[in-house]
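Undergrad: Sharing work-v9.cif, mmCIF, C-alpha atoms:
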```cif
data_model
#
loop_
_atom_site.group_PDB
_atom_site.id
_atom_site.type_symbol
_atom_site.label_atom_id
_atom_site.label_comp_id
_atom_site.auth_asym_id
_atom_site.auth_seq_id
_atom_site.Cartn_x
_atom_site.Cartn_y
_atom_site.Cartn_z
ATOM 1 C CA MET A 1 -41.927 71.442 15.439
ATOM 2 C CA THR A 2 -43.480 68.746 17.647
ATOM 3 C CA ALA A 3 -46.407 69.382 19.929
ATOM 4 C CA LYS A 4 -45.533 70.743 23.345
ATOM 5 C CA ASP A 5 -45.493 68.250 26.207
ATOM 6 C CA GLU A 6 -48.044 69.034 28.932
ATOM 7 C CA ASN A 7 -45.247 69.093 31.547
ATOM 8 C CA ASP A 8 -43.050 71.391 29.491
ATOM 9 C CA ASP A 9 -43.211 74.959 30.817
ATOM 10 C CA GLY A 10 -40.881 76.284 28.108
ATOM 11 C CA ARG A 11 -38.113 77.459 30.464
ATOM 12 C CA ARG A 12 -35.506 76.013 28.097
ATOM 13 C CA PHE A 13 -36.167 78.935 25.760
ATOM 14 C CA LEU A 14 -34.918 81.311 28.476
ATOM 15 C CA PHE A 15 -31.442 79.782 28.582
ATOM 16 C CA ASN A 16 -30.673 78.710 25.012
ATOM 17 C CA ASN A 17 -29.322 80.893 22.230
ATOM 18 C CA LEU A 18 -31.957 79.984 19.674
ATOM 19 C CA GLY A 19 -32.489 83.308 17.943
ATOM 20 C CA GLU A 20 -35.845 83.935 16.294
ATOM 21 C CA ILE A 21 -37.472 80.554 15.749
ATOM 22 C CA SER A 22 -40.199 81.810 13.430
ATOM 23 C CA ALA A 23 -39.421 83.717 10.256
ATOM 24 C CA ALA A 24 -42.976 85.076 10.210
ATOM 25 C CA PRO A 25 -43.300 88.783 11.069
ATOM 26 C CA PRO A 26 -45.054 89.867 14.280
ATOM 27 C CA PRO A 27 -48.715 90.935 14.098
ATOM 28 C CA VAL A 28 -49.460 94.443 12.869
ATOM 29 C CA PRO A 29 -50.377 96.779 15.774
ATOM 30 C CA SER A 30 -54.041 97.740 15.762
ATOM 31 C CA ASP A 31 -53.187 101.452 15.977
ATOM 32 C CA THR A 32 -51.044 101.442 12.805
ATOM 33 C CA PRO A 33 -52.073 104.494 10.719
ATOM 34 C CA ALA A 34 -53.800 103.738 7.438
ATOM 35 C CA LEU A 35 -51.898 104.398 4.219
ATOM 36 C CA LEU A 36 -52.794 107.791 2.767
ATOM 37 C CA ILE A 37 -53.104 107.936 -1.005
ATOM 38 C CA THR A 38 -50.866 110.869 -1.895
ATOM 39 C CA LYS A 39 -49.782 112.043 -5.323
ATOM 40 C CA GLU A 40 -46.380 110.387 -4.869
ATOM 41 C CA HIS A 41 -48.023 107.090 -3.988
ATOM 42 C CA ARG A 42 -50.137 107.265 -7.144
ATOM 43 C CA ARG A 43 -47.040 108.059 -9.207
ATOM 44 C CA PHE A 44 -45.272 105.036 -7.711
ATOM 45 C CA THR A 45 -48.275 102.835 -8.505
ATOM 46 C CA GLU A 46 -48.213 103.977 -12.134
ATOM 47 C CA PHE A 47 -44.455 103.395 -12.266
ATOM 48 C CA ALA A 48 -44.725 99.888 -10.790
ATOM 49 C CA THR A 49 -47.533 98.963 -13.158
ATOM 50 C CA ALA A 50 -45.466 100.126 -16.145
ATOM 51 C CA VAL A 51 -42.453 98.040 -15.032
ATOM 52 C CA ARG A 52 -44.689 95.022 -14.422
ATOM 53 C CA THR A 53 -46.465 95.347 -17.777
ATOM 54 C CA ASN A 54 -43.325 95.845 -19.861
ATOM 55 C CA ARG A 55 -41.161 93.391 -17.874
ATOM 56 C CA HIS A 56 -38.299 95.868 -17.551
ATOM 57 C CA ILE A 57 -36.020 96.736 -14.624
ATOM 58 C CA GLY A 58 -37.027 99.944 -12.856
ATOM 59 C CA VAL A 59 -35.236 102.059 -10.263
ATOM 60 C CA CYS A 60 -37.051 103.995 -7.533
ATOM 61 C CA TYR A 61 -34.948 106.375 -5.457
ATOM 62 C CA GLY A 62 -35.562 109.092 -2.898
ATOM 63 C CA PRO A 63 -34.483 110.364 0.533
ATOM 64 C CA PRO A 64 -35.243 108.233 3.609
ATOM 65 C CA GLY A 65 -38.669 108.545 5.152
ATOM 66 C CA VAL A 66 -40.634 109.810 2.161
ATOM 67 C CA GLY A 67 -42.712 106.634 1.792
ATOM 68 C CA LYS A 68 -40.951 104.473 -0.806
ATOM 69 C CA THR A 69 -41.247 101.265 1.203
ATOM 70 C CA LEU A 70 -44.824 102.006 2.301
ATOM 71 C CA SER A 71 -45.920 102.489 -1.292
ATOM 72 C CA ALA A 72 -44.083 99.369 -2.465
ATOM 73 C CA ARG A 73 -45.538 97.193 0.289
ATOM 74 C CA ALA A 74 -49.021 98.541 -0.381
ATOM 75 C CA TYR A 75 -48.688 97.851 -4.102
ATOM 76 C CA ALA A 76 -47.553 94.263 -3.495
ATOM 77 C CA GLY A 77 -49.971 93.628 -0.621
ATOM 78 C CA ALA A 78 -46.934 92.601 1.425
ATOM 79 C CA THR A 79 -48.491 93.200 4.842
ATOM 80 C CA GLU A 80 -51.616 91.217 4.007
ATOM 81 C CA TRP A 81 -49.478 88.405 2.568
ATOM 82 C CA GLU A 82 -47.209 88.227 5.626
ATOM 83 C CA GLN A 83 -50.120 88.202 8.067
ATOM 84 C CA TRP A 84 -51.908 85.544 6.002
ATOM 85 C CA GLN A 85 -48.801 83.338 6.133
ATOM 86 C CA ARG A 86 -48.473 83.649 9.918
ATOM 87 C CA THR A 87 -51.088 80.972 10.580
ATOM 88 C CA GLY A 88 -49.221 78.399 8.493
ATOM 89 C CA GLN A 89 -50.754 75.257 6.978
ATOM 90 C CA THR A 90 -53.860 75.428 9.185
ATOM 91 C CA ASN A 91 -54.944 78.664 7.484
ATOM 92 C CA THR A 92 -58.331 78.332 5.781
ATOM 93 C CA GLU A 93 -58.713 82.013 4.909
ATOM 94 C CA PRO A 94 -58.677 82.952 1.212
ATOM 95 C CA ILE A 95 -55.440 84.367 -0.173
ATOM 96 C CA PRO A 96 -55.532 88.200 0.087
ATOM 97 C CA ALA A 97 -57.121 89.766 -2.973
ATOM 98 C CA ARG A 98 -54.391 92.384 -3.317
ATOM 99 C CA VAL A 99 -51.714 89.673 -3.566
ATOM 100 C CA LEU A 100 -53.601 87.954 -6.357
ATOM 101 C CA GLU A 101 -54.206 91.221 -8.157
ATOM 102 C CA ALA A 102 -50.622 92.520 -7.948
ATOM 103 C CA ARG A 103 -48.805 89.204 -8.513
ATOM 104 C CA THR A 104 -45.827 90.971 -6.983
ATOM 105 C CA ALA A 105 -43.106 89.552 -4.724
ATOM 106 C CA PHE A 106 -41.643 91.967 -2.153
ATOM 107 C CA TRP A 107 -38.133 91.138 -0.921
ATOM 108 C CA THR A 108 -35.678 92.940 1.387
ATOM 109 C CA PRO A 109 -32.066 91.651 1.443
ATOM 110 C CA THR A 110 -30.199 91.477 4.722
ATOM 111 C CA VAL A 111 -27.161 93.687 5.243
ATOM 112 C CA THR A 112 -24.639 90.860 4.829
ATOM 113 C CA ILE A 113 -26.420 88.872 2.133
ATOM 114 C CA SER A 114 -24.295 86.878 -0.301
ATOM 115 C CA PRO A 115 -24.994 85.840 -3.902
ATOM 116 C CA ARG A 116 -25.478 82.261 -2.708
ATOM 117 C CA GLU A 117 -28.219 83.368 -0.292
ATOM 118 C CA ILE A 118 -29.830 85.446 -3.040
ATOM 119 C CA ASP A 119 -29.853 82.363 -5.245
ATOM 120 C CA ARG A 120 -31.884 80.601 -2.544
ATOM 121 C CA GLN A 121 -34.154 83.431 -1.404
ATOM 122 C CA LEU A 122 -35.286 85.009 -4.673
ATOM 123 C CA PRO A 123 -36.712 81.826 -6.239
ATOM 124 C CA ARG A 124 -38.457 80.922 -2.988
ATOM 125 C CA THR A 125 -39.969 84.401 -2.571
ATOM 126 C CA CYS A 126 -41.236 84.569 -6.152
ATOM 127 C CA GLN A 127 -42.351 80.945 -6.209
ATOM 128 C CA ARG A 128 -44.668 81.422 -3.241
ATOM 129 C CA ILE A 129 -46.527 84.223 -5.011
ATOM 130 C CA SER A 130 -46.767 82.123 -8.173
ATOM 131 C CA TRP A 131 -48.125 79.152 -6.245
ATOM 132 C CA ALA A 132 -50.620 81.403 -4.417
ATOM 133 C CA VAL A 133 -52.014 82.579 -7.749
ATOM 134 C CA GLU A 134 -52.187 79.001 -9.015
ATOM 135 C CA TYR A 135 -53.938 77.794 -5.867
ATOM 136 C CA ALA A 136 -56.527 80.589 -6.012
ATOM 137 C CA ARG A 137 -57.101 79.977 -9.720
ATOM 138 C CA ASP A 138 -57.152 76.180 -9.884
ATOM 139 C CA GLY A 139 -57.901 75.089 -6.318
ATOM 140 C CA ASN A 140 -54.638 73.159 -6.003
ATOM 141 C CA ILE A 141 -50.902 73.412 -6.574
ATOM 142 C CA ASP A 142 -49.648 70.877 -9.080
ATOM 143 C CA VAL A 143 -46.342 71.808 -10.706
ATOM 144 C CA PHE A 144 -46.572 68.762 -12.958
ATOM 145 C CA GLU A 145 -49.932 69.782 -14.413
ATOM 146 C CA HIS A 146 -49.541 73.573 -14.416
ATOM 147 C CA ARG A 147 -46.139 74.122 -15.954
ATOM 148 C CA ASP A 148 -46.327 77.932 -15.880
ATOM 149 C CA SER A 149 -45.883 77.961 -12.106
ATOM 150 C CA ARG A 150 -42.701 75.885 -12.070
ATOM 151 C CA ALA A 151 -40.353 78.821 -12.641
ATOM 152 C CA SER A 152 -42.407 81.526 -10.910
ATOM 153 C CA GLY A 153 -44.207 82.117 -14.199
ATOM 154 C CA LEU A 154 -47.265 83.591 -12.477
ATOM 155 C CA THR A 155 -45.224 86.209 -10.596
ATOM 156 C CA GLU A 156 -45.143 89.345 -12.717
ATOM 157 C CA LEU A 157 -43.064 91.746 -10.611
ATOM 158 C CA LEU A 158 -40.265 91.520 -8.055
ATOM 159 C CA ILE A 159 -39.655 94.540 -5.790
ATOM 160 C CA VAL A 160 -36.251 94.651 -4.087
ATOM 161 C CA ASP A 161 -36.258 97.099 -1.176
ATOM 162 C CA GLU A 162 -33.026 98.473 0.348
ATOM 163 C CA ALA A 163 -31.191 97.692 -2.896
ATOM 164 C CA ASP A 164 -28.261 99.835 -1.667
ATOM 165 C CA ARG A 165 -27.231 96.822 0.420
ATOM 166 C CA LEU A 166 -26.446 94.776 -2.673
ATOM 167 C CA LYS A 167 -22.777 94.654 -3.613
ATOM 168 C CA PRO A 168 -21.684 94.147 -7.264
ATOM 169 C CA PRO A 169 -21.810 90.306 -7.164
ATOM 170 C CA ALA A 170 -25.257 90.460 -5.542
ATOM 171 C CA LEU A 171 -26.527 92.924 -8.158
ATOM 172 C CA GLU A 172 -25.205 90.601 -10.849
ATOM 173 C CA GLN A 173 -27.124 87.750 -9.212
ATOM 174 C CA VAL A 174 -30.353 89.782 -9.347
ATOM 175 C CA ARG A 175 -29.703 90.599 -13.012
ATOM 176 C CA ASP A 176 -29.127 86.917 -13.763
ATOM 177 C CA TYR A 177 -32.408 86.018 -12.069
ATOM 178 C CA TYR A 178 -34.190 88.694 -14.113
ATOM 179 C CA ASP A 179 -32.671 87.376 -17.359
ATOM 180 C CA ARG A 180 -33.962 83.870 -16.643
ATOM 181 C CA HIS A 181 -37.545 84.921 -15.840
ATOM 182 C CA THR A 182 -40.313 86.862 -17.520
ATOM 183 C CA MET A 183 -41.028 89.393 -14.790
ATOM 184 C CA GLY A 184 -40.295 93.023 -14.057
ATOM 185 C CA VAL A 185 -37.899 94.065 -11.293
ATOM 186 C CA ILE A 186 -37.896 97.266 -9.216
ATOM 187 C CA LEU A 187 -34.816 98.264 -7.218
ATOM 188 C CA ILE A 188 -35.596 100.728 -4.392
ATOM 189 C CA GLY A 189 -32.789 102.739 -2.860
ATOM 190 C CA MET A 190 -31.383 106.071 -1.768
ATOM 191 C CA PRO A 191 -30.588 108.974 -4.106
ATOM 192 C CA GLY A 192 -27.463 108.096 -6.034
ATOM 193 C CA ILE A 193 -28.334 104.469 -6.639
ATOM 194 C CA GLU A 194 -29.274 105.349 -10.223
ATOM 195 C CA LYS A 195 -25.726 106.695 -10.761
ATOM 196 C CA ARG A 196 -24.166 103.694 -9.057
ATOM 197 C CA LEU A 197 -26.020 101.304 -11.361
ATOM 198 C CA ALA A 198 -24.596 103.150 -14.362
ATOM 199 C CA ARG A 199 -21.227 101.535 -13.517
ATOM 200 C CA TYR A 200 -22.621 98.130 -14.480
ATOM 201 C CA PRO A 201 -23.422 98.311 -18.230
ATOM 202 C CA GLN A 202 -25.099 94.897 -18.455
ATOM 203 C CA LEU A 203 -27.541 95.782 -15.681
ATOM 204 C CA TYR A 204 -27.950 99.436 -16.624
ATOM 205 C CA SER A 205 -28.860 98.596 -20.220
ATOM 206 C CA ARG A 206 -31.892 96.679 -18.927
ATOM 207 C CA ILE A 207 -33.293 99.593 -16.897
ATOM 208 C CA GLY A 208 -36.347 100.933 -18.667
ATOM 209 C CA PHE A 209 -37.905 103.191 -16.006
ATOM 210 C CA ALA A 210 -36.725 105.462 -13.181
ATOM 211 C CA HIS A 211 -38.882 107.076 -10.533
ATOM 212 C CA HIS A 212 -37.781 109.837 -8.162
ATOM 213 C CA TYR A 213 -39.887 109.589 -4.997
ATOM 214 C CA ARG A 214 -40.149 113.124 -3.603
ATOM 215 C CA THR A 215 -41.222 114.647 -0.295
ATOM 216 C CA LEU A 216 -44.807 115.826 0.246
ATOM 217 C CA SER A 217 -45.881 119.027 -1.489
ATOM 218 C CA THR A 218 -47.595 121.794 0.480
ATOM 219 C CA GLU A 219 -51.049 120.611 -0.588
ATOM 220 C CA GLU A 220 -50.254 116.978 0.241
ATOM 221 C CA LEU A 221 -48.849 117.979 3.613
ATOM 222 C CA THR A 222 -52.096 119.783 4.444
ATOM 223 C CA PHE A 223 -54.043 116.677 3.397
ATOM 224 C CA VAL A 224 -51.888 114.401 5.581
ATOM 225 C CA LEU A 225 -52.128 116.735 8.571
ATOM 226 C CA ALA A 226 -55.899 116.981 8.223
ATOM 227 C CA ASN A 227 -56.052 113.190 8.555
ATOM 228 C CA ARG A 228 -53.721 113.215 11.551
ATOM 229 C CA TRP A 229 -55.817 115.943 13.214
ATOM 230 C CA GLN A 230 -58.922 113.827 12.581
ATOM 231 C CA GLU A 231 -57.317 110.746 14.168
ATOM 232 C CA LEU A 232 -56.904 112.834 17.328
ATOM 233 C CA GLY A 233 -60.561 113.861 17.262
ATOM 234 C CA LEU A 234 -59.777 117.366 15.998
ATOM 235 C CA THR A 235 -60.511 119.288 12.814
ATOM 236 C CA ILE A 236 -58.376 121.808 10.962
ATOM 237 C CA ASP A 237 -60.031 125.173 10.547
ATOM 238 C CA PRO A 238 -58.360 127.147 7.732
ATOM 239 C CA HIS A 239 -59.660 130.370 9.311
ATOM 240 C CA ASP A 240 -58.155 129.578 12.721
ATOM 241 C CA PHE A 241 -54.751 131.222 13.157
ATOM 242 C CA THR A 242 -53.734 128.659 15.804
ATOM 243 C CA ASP A 243 -54.224 125.788 13.341
ATOM 244 C CA ALA A 244 -52.438 127.648 10.547
ATOM 245 C CA GLU A 245 -49.507 128.383 12.853
ATOM 246 C CA ALA A 246 -49.284 124.738 13.962
ATOM 247 C CA ILE A 247 -49.367 123.526 10.354
ATOM 248 C CA ALA A 248 -46.609 125.957 9.411
ATOM 249 C CA ALA A 249 -44.504 124.680 12.324
ATOM 250 C CA VAL A 250 -44.970 121.022 11.255
ATOM 251 C CA ALA A 251 -44.084 121.899 7.662
ATOM 252 C CA ARG A 252 -40.922 123.710 8.752
ATOM 253 C CA ILE A 253 -39.776 120.899 11.041
ATOM 254 C CA THR A 254 -40.522 117.922 8.772
ATOM 255 C CA ASN A 255 -39.945 119.510 5.359
ATOM 256 C CA GLY A 256 -42.616 117.189 3.973
ATOM 257 C CA ASN A 257 -40.931 113.986 5.194
ATOM 258 C CA PHE A 258 -43.639 111.404 5.832
ATOM 259 C CA ARG A 259 -41.733 109.429 8.473
ATOM 260 C CA LEU A 260 -40.882 112.567 10.452
ATOM 261 C CA ILE A 261 -44.542 113.536 10.449
ATOM 262 C CA GLN A 262 -45.429 110.151 11.959
ATOM 263 C CA ARG A 263 -42.748 110.458 14.637
ATOM 264 C CA LEU A 264 -43.675 114.052 15.409
ATOM 265 C CA PHE A 265 -47.346 113.218 15.873
ATOM 266 C CA THR A 266 -46.469 110.388 18.238
ATOM 267 C CA GLN A 267 -44.846 112.978 20.505
ATOM 268 C CA ILE A 268 -47.649 115.492 19.954
ATOM 269 C CA THR A 269 -50.175 112.889 21.111
ATOM 270 C CA ARG A 270 -48.092 112.142 24.200
ATOM 271 C CA ILE A 271 -47.763 115.821 25.113
ATOM 272 C CA ARG A 272 -51.496 116.439 24.626
ATOM 273 C CA ASP A 273 -52.366 113.488 26.871
ATOM 274 C CA ILE A 274 -49.950 114.528 29.612
ATOM 275 C CA ASN A 275 -51.145 118.145 29.660
ATOM 276 C CA GLN A 276 -54.810 117.331 28.884
ATOM 277 C CA LEU A 277 -54.861 119.735 25.952
ATOM 278 C CA HIS A 278 -57.753 119.971 23.522
ATOM 279 C CA SER A 279 -55.933 121.534 20.582
ATOM 280 C CA ILE A 280 -52.609 121.470 18.766
ATOM 281 C CA THR A 281 -50.699 124.718 18.910
ATOM 282 C CA LYS A 282 -47.348 125.900 17.661
ATOM 283 C CA GLU A 283 -45.977 125.525 21.194
ATOM 284 C CA VAL A 284 -47.090 121.881 21.341
ATOM 285 C CA VAL A 285 -45.411 121.178 18.013
ATOM 286 C CA GLU A 286 -42.189 122.897 19.115
ATOM 287 C CA THR A 287 -42.165 120.943 22.378
ATOM 288 C CA ALA A 288 -42.653 117.702 20.469
ATOM 289 C CA ARG A 289 -39.777 118.670 18.173
ATOM 290 C CA GLU A 290 -37.405 118.963 21.140
ATOM 291 C CA THR A 291 -37.882 115.265 21.969
ATOM 292 C CA LEU A 292 -36.875 114.067 18.482
ATOM 293 C CA LEU A 293 -33.492 113.508 16.881
ATOM 294 C CA ILE A 294 -33.784 114.951 13.402
ATOM 295 C CA GLY A 295 -30.816 114.819 11.052
ATOM 296 C CA THR A 296 -29.900 117.673 8.789
#
```
Let me see the file written as structure tokens.
TA:
Amino acid sequence: MTAKDENDDGRRFLFNNLGEISAAPPPVPSDTPALLITKEHRRFTEFATAVRTNRHIGVCYGPPGVGKTLSARAYAGATEWEQWQRTGQTNTEPIPARVLEARTAFWTPTVTISPREIDRQLPRTCQRISWAVEYARDGNIDVFEHRDSRASGLTELLIVDEADRLKPPALEQVRDYYDRHTMGVILIGMPGIEKRLARYPQLYSRIGFAHHYRTLSTEELTFVLANRWQELGLTIDPHDFTDAEAIAAVARITNGNFRLIQRLFTQITRIRDINQLHSITKEVVETARETLLIGT
């Protein structure tokens, strides 16, 4: 893109159907909650490491909102990688350490993706990680000198999120890419994807690991809520009946679903601010619940 003319006020962007010009993601909001290391996240990390080490295909499945994508992005360092890429060629910051450590490409197919688009996107996504490792290791990117980076040889794991979107030809394209590279692949989807993949013997025979990502246990839920209470400047007192009642209400409403907890606490914060409350009670939780659409 050429430099902007000093007399150009940019009004042309208001009247043209250009779509999103930049493929880079928007900046991460400063108030984004930190990732909490739960037992399920640790289990996913162990699963991903096993798939990466053994170069198999793995399947991760679980209900929506339990944290599959959060764990996968954290493992791959996807957020750090995306934000690092936002500045483009003028970026002088070192490549994020987590990206170099994981050597993992994170990719989400679009809803209408075709095998032809997969054939373009997968190599590009994996190649960038491979080149990043080469650049950090050797100080330059030279595909003629360092042959192991030509075919994404330094990328050790590919994570495909929303794998339910892939139709049979697209799944076959992913399998073909896996067969031609020495890297592990993780397919993340909804419950039932493991049974769907059983219909494709050539792909299913290559699956070496399966991981069922479950909702938060009672102990994990208490741990997560204690952190959320702390973010609001409060503490959970196990001997306080009001706190125990509020925790029980959150557990009943969310059933250990991580995403619902996040949404519920957004409303709890709003209600506390409006009413200038200094504690979280069962009534506050119930009022916050009324503002949410929660499926059965």
Undergrad: Go ahead and compute the interatomic distance for atom CA of A:Val224 and atom CA of A:Ala244, in Å to one decimal.
TA: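 Between atom CA of A:Val224 and atom CA of A:Ala244 the gap works out to 14.2 Å.
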Undergrad: Using the chain letters and residue numbers of this document, give as a JSON list (two decimals) with C-alpha atoms, keeping the file's coordinate frame the residues selected by the PyMOL selection byres ((chain A and resi 122) around 12).
TA:
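Final output, saved to expr.json:
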```
[["chain", "number", "residue", "atom", "x", "y", "z"],
["A", 105, "ALA", "CA", -43.11, 89.55, -4.72],
["A", 106, "PHE", "CA", -41.64, 91.97, -2.15],
["A", 107, "TRP", "CA", -38.13, 91.14, -0.92],
["A", 108, "THR", "CA", -35.68, 92.94, 1.39],
["A", 109, "PRO", "CA", -32.07, 91.65, 1.44],
["A", 113, "ILE", "CA", -26.42, 88.87, 2.13],
["A", 114, "SER", "CA", -24.30, 86.88, -0.30],
["A", 115, "PRO", "CA", -24.99, 85.84, -3.90],
["A", 116, "ARG", "CA", -25.48, 82.26, -2.71],
["A", 117, "GLU", "CA", -28.22, 83.37, -0.29],
["A", 118, "ILE", "CA", -29.83, 85.45, -3.04],
["A", 119, "ASP", "CA", -29.85, 82.36, -5.24],
["A", 120, "ARG", "CA", -31.88, 80.60, -2.54],
["A", 121, "GLN", "CA", -34.15, 83.43, -1.40],
["A", 123, "PRO", "CA", -36.71, 81.83, -6.24],
["A", 124, "ARG", "CA", -38.46, 80.92, -2.99],
["A", 125, "THR", "CA", -39.97, 84.40, -2.57],
["A", 126, "CYS", "CA", -41.24, 84.57, -6.15],
["A", 127, "GLN", "CA", -42.35, 80.94, -6.21],
["A", 128, "ARG", "CA", -44.67, 81.42, -3.24],
["A", 129, "ILE", "CA", -46.53, 84.22, -5.01],
["A", 151, "ALA", "CA", -40.35, 78.82, -12.64],
["A", 152, "SER", "CA", -42.41, 81.53, -10.91],
["A", 155, "THR", "CA", -45.22, 86.21, -10.60],
["A", 157, "LEU", "CA", -43.06, 91.75, -10.61],
["A", 158, "LEU", "CA", -40.26, 91.52, -8.06],
["A", 159, "ILE", "CA", -39.66, 94.54, -5.79],
["A", 160, "VAL", "CA", -36.25, 94.65, -4.09],
["A", 170, "ALA", "CA", -25.26, 90.46, -5.54],
["A", 173, "GLN", "CA", -27.12, 87.75, -9.21],
["A", 174, "VAL", "CA", -30.35, 89.78, -9.35],
["A", 175, "ARG", "CA", -29.70, 90.60, -13.01],
["A", 176, "ASP", "CA", -29.13, 86.92, -13.76],
["A", 177, "TYR", "CA", -32.41, 86.02, -12.07],
["A", 178, "TYR", "CA", -34.19, 88.69, -14.11],
["A", 181, "HIS", "CA", -37.54, 84.92, -15.84],
["A", 185, "VAL", "CA", -37.90, 94.06, -11.29]]
```
Undergrad: What does the structure give for the distance between atom CA of A:Leu166 and atom CA of A:Gly189, in Å to one decimal?
TA: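 Taking atom CA of A:Leu166 as the start and atom CA of A:Gly189 as the end point, the length is 10.2 Å.
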Undergrad: Which residues are near stretch 246-256 of chain A? Cut-off 12 Å, all atoms listed in the file, ignore same chain within fewer than 5 positions. Put them as an MDAnalysis selection string.
TA: chainID A and resid 38 40 63:67 214:226 228:229 236:238 240:241 261:265 268 279:290 292:296
Undergrad: For A:Arg196, list every protein, DNA or RNA residue within 12 Å, evaluated using all atoms listed in the file, and leave out those in the same chain fewer than 3 positions away; present the list as an MDAnalysis selection string.
TA: chainID A and resid 59 61 163:164 166:168 171 189:193 199:201 203:204
Undergrad: Find, counting all atoms listed in the file, the residue in A:Gln202, A:Thr104, A:Thr79, A:Thr235 that gets nearest to A:Ala48.
TA: A:Thr104
Undergrad: At a cut-off of 6 Å, using only C-alpha atoms, what residues contact A:Cys60? Leave out same-chain residues fewer than 4 positions from it and give the result as an MDAnalysis selection string.
TA: chainID A and resid 188 210:212
Undergrad: With all atoms listed in the file as the atoms that count, which of A:Phe258, A:Val99, A:Arg270, A:Asp142 lies nearest to A:Gln83?
TA: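 Of A:Phe258, A:Val99, A:Arg270, A:Asp142, the one nearest A:Gln83, counting all atoms listed in the file, is A:Val99.
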Undergrad: So the first atom is atom CA of A:Leu232 and the second is atom CA of A:Thr266; what is the distance between them in Å, to one decimal place?
TA: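 One can read the atom CA of A:Leu232 to atom CA of A:Thr266 distance as 10.8 Å.
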Undergrad: Could you work out an axis-aligned box for stretch 183-197 of chain A, taking every atom the file lists and adding 8 Å on each side, and report centre and edge lengths in Å to one decimal, as lines of an AutoDock Vina configuration file?
TA:
```
center_x = -32.6
center_y = 99.2
center_z = -8.3
size_x = 32.9
size_y = 35.6
size_z = 29.0
```
Undergrad: For A:Gly58, which residue among A:Asp243, A:Glu194, A:Asp9, A:Glu80 is the nearest when counting all atoms listed in the file?
TA: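 When distances to A:Gly58 are compared using all atoms listed in the file, the smallest one comes from A:Glu194.
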Undergrad: Identify all residues satisfying the PyMOL selection byres ((chain A and resi 72) around 9) in the given file; provide them as a list in words.
TA: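 Expected selection for the PyMOL selection byres ((chain A and resi 72) around 9) here is His41, Phe44, Thr45, Ala48, Gly67, Lys68, Thr69, Leu70, Ser71, Arg73, Ala74, Tyr75, Ala76, Gly77, Ala78, Phe106, Ile159, Asp161 and Ile188 of chain A.
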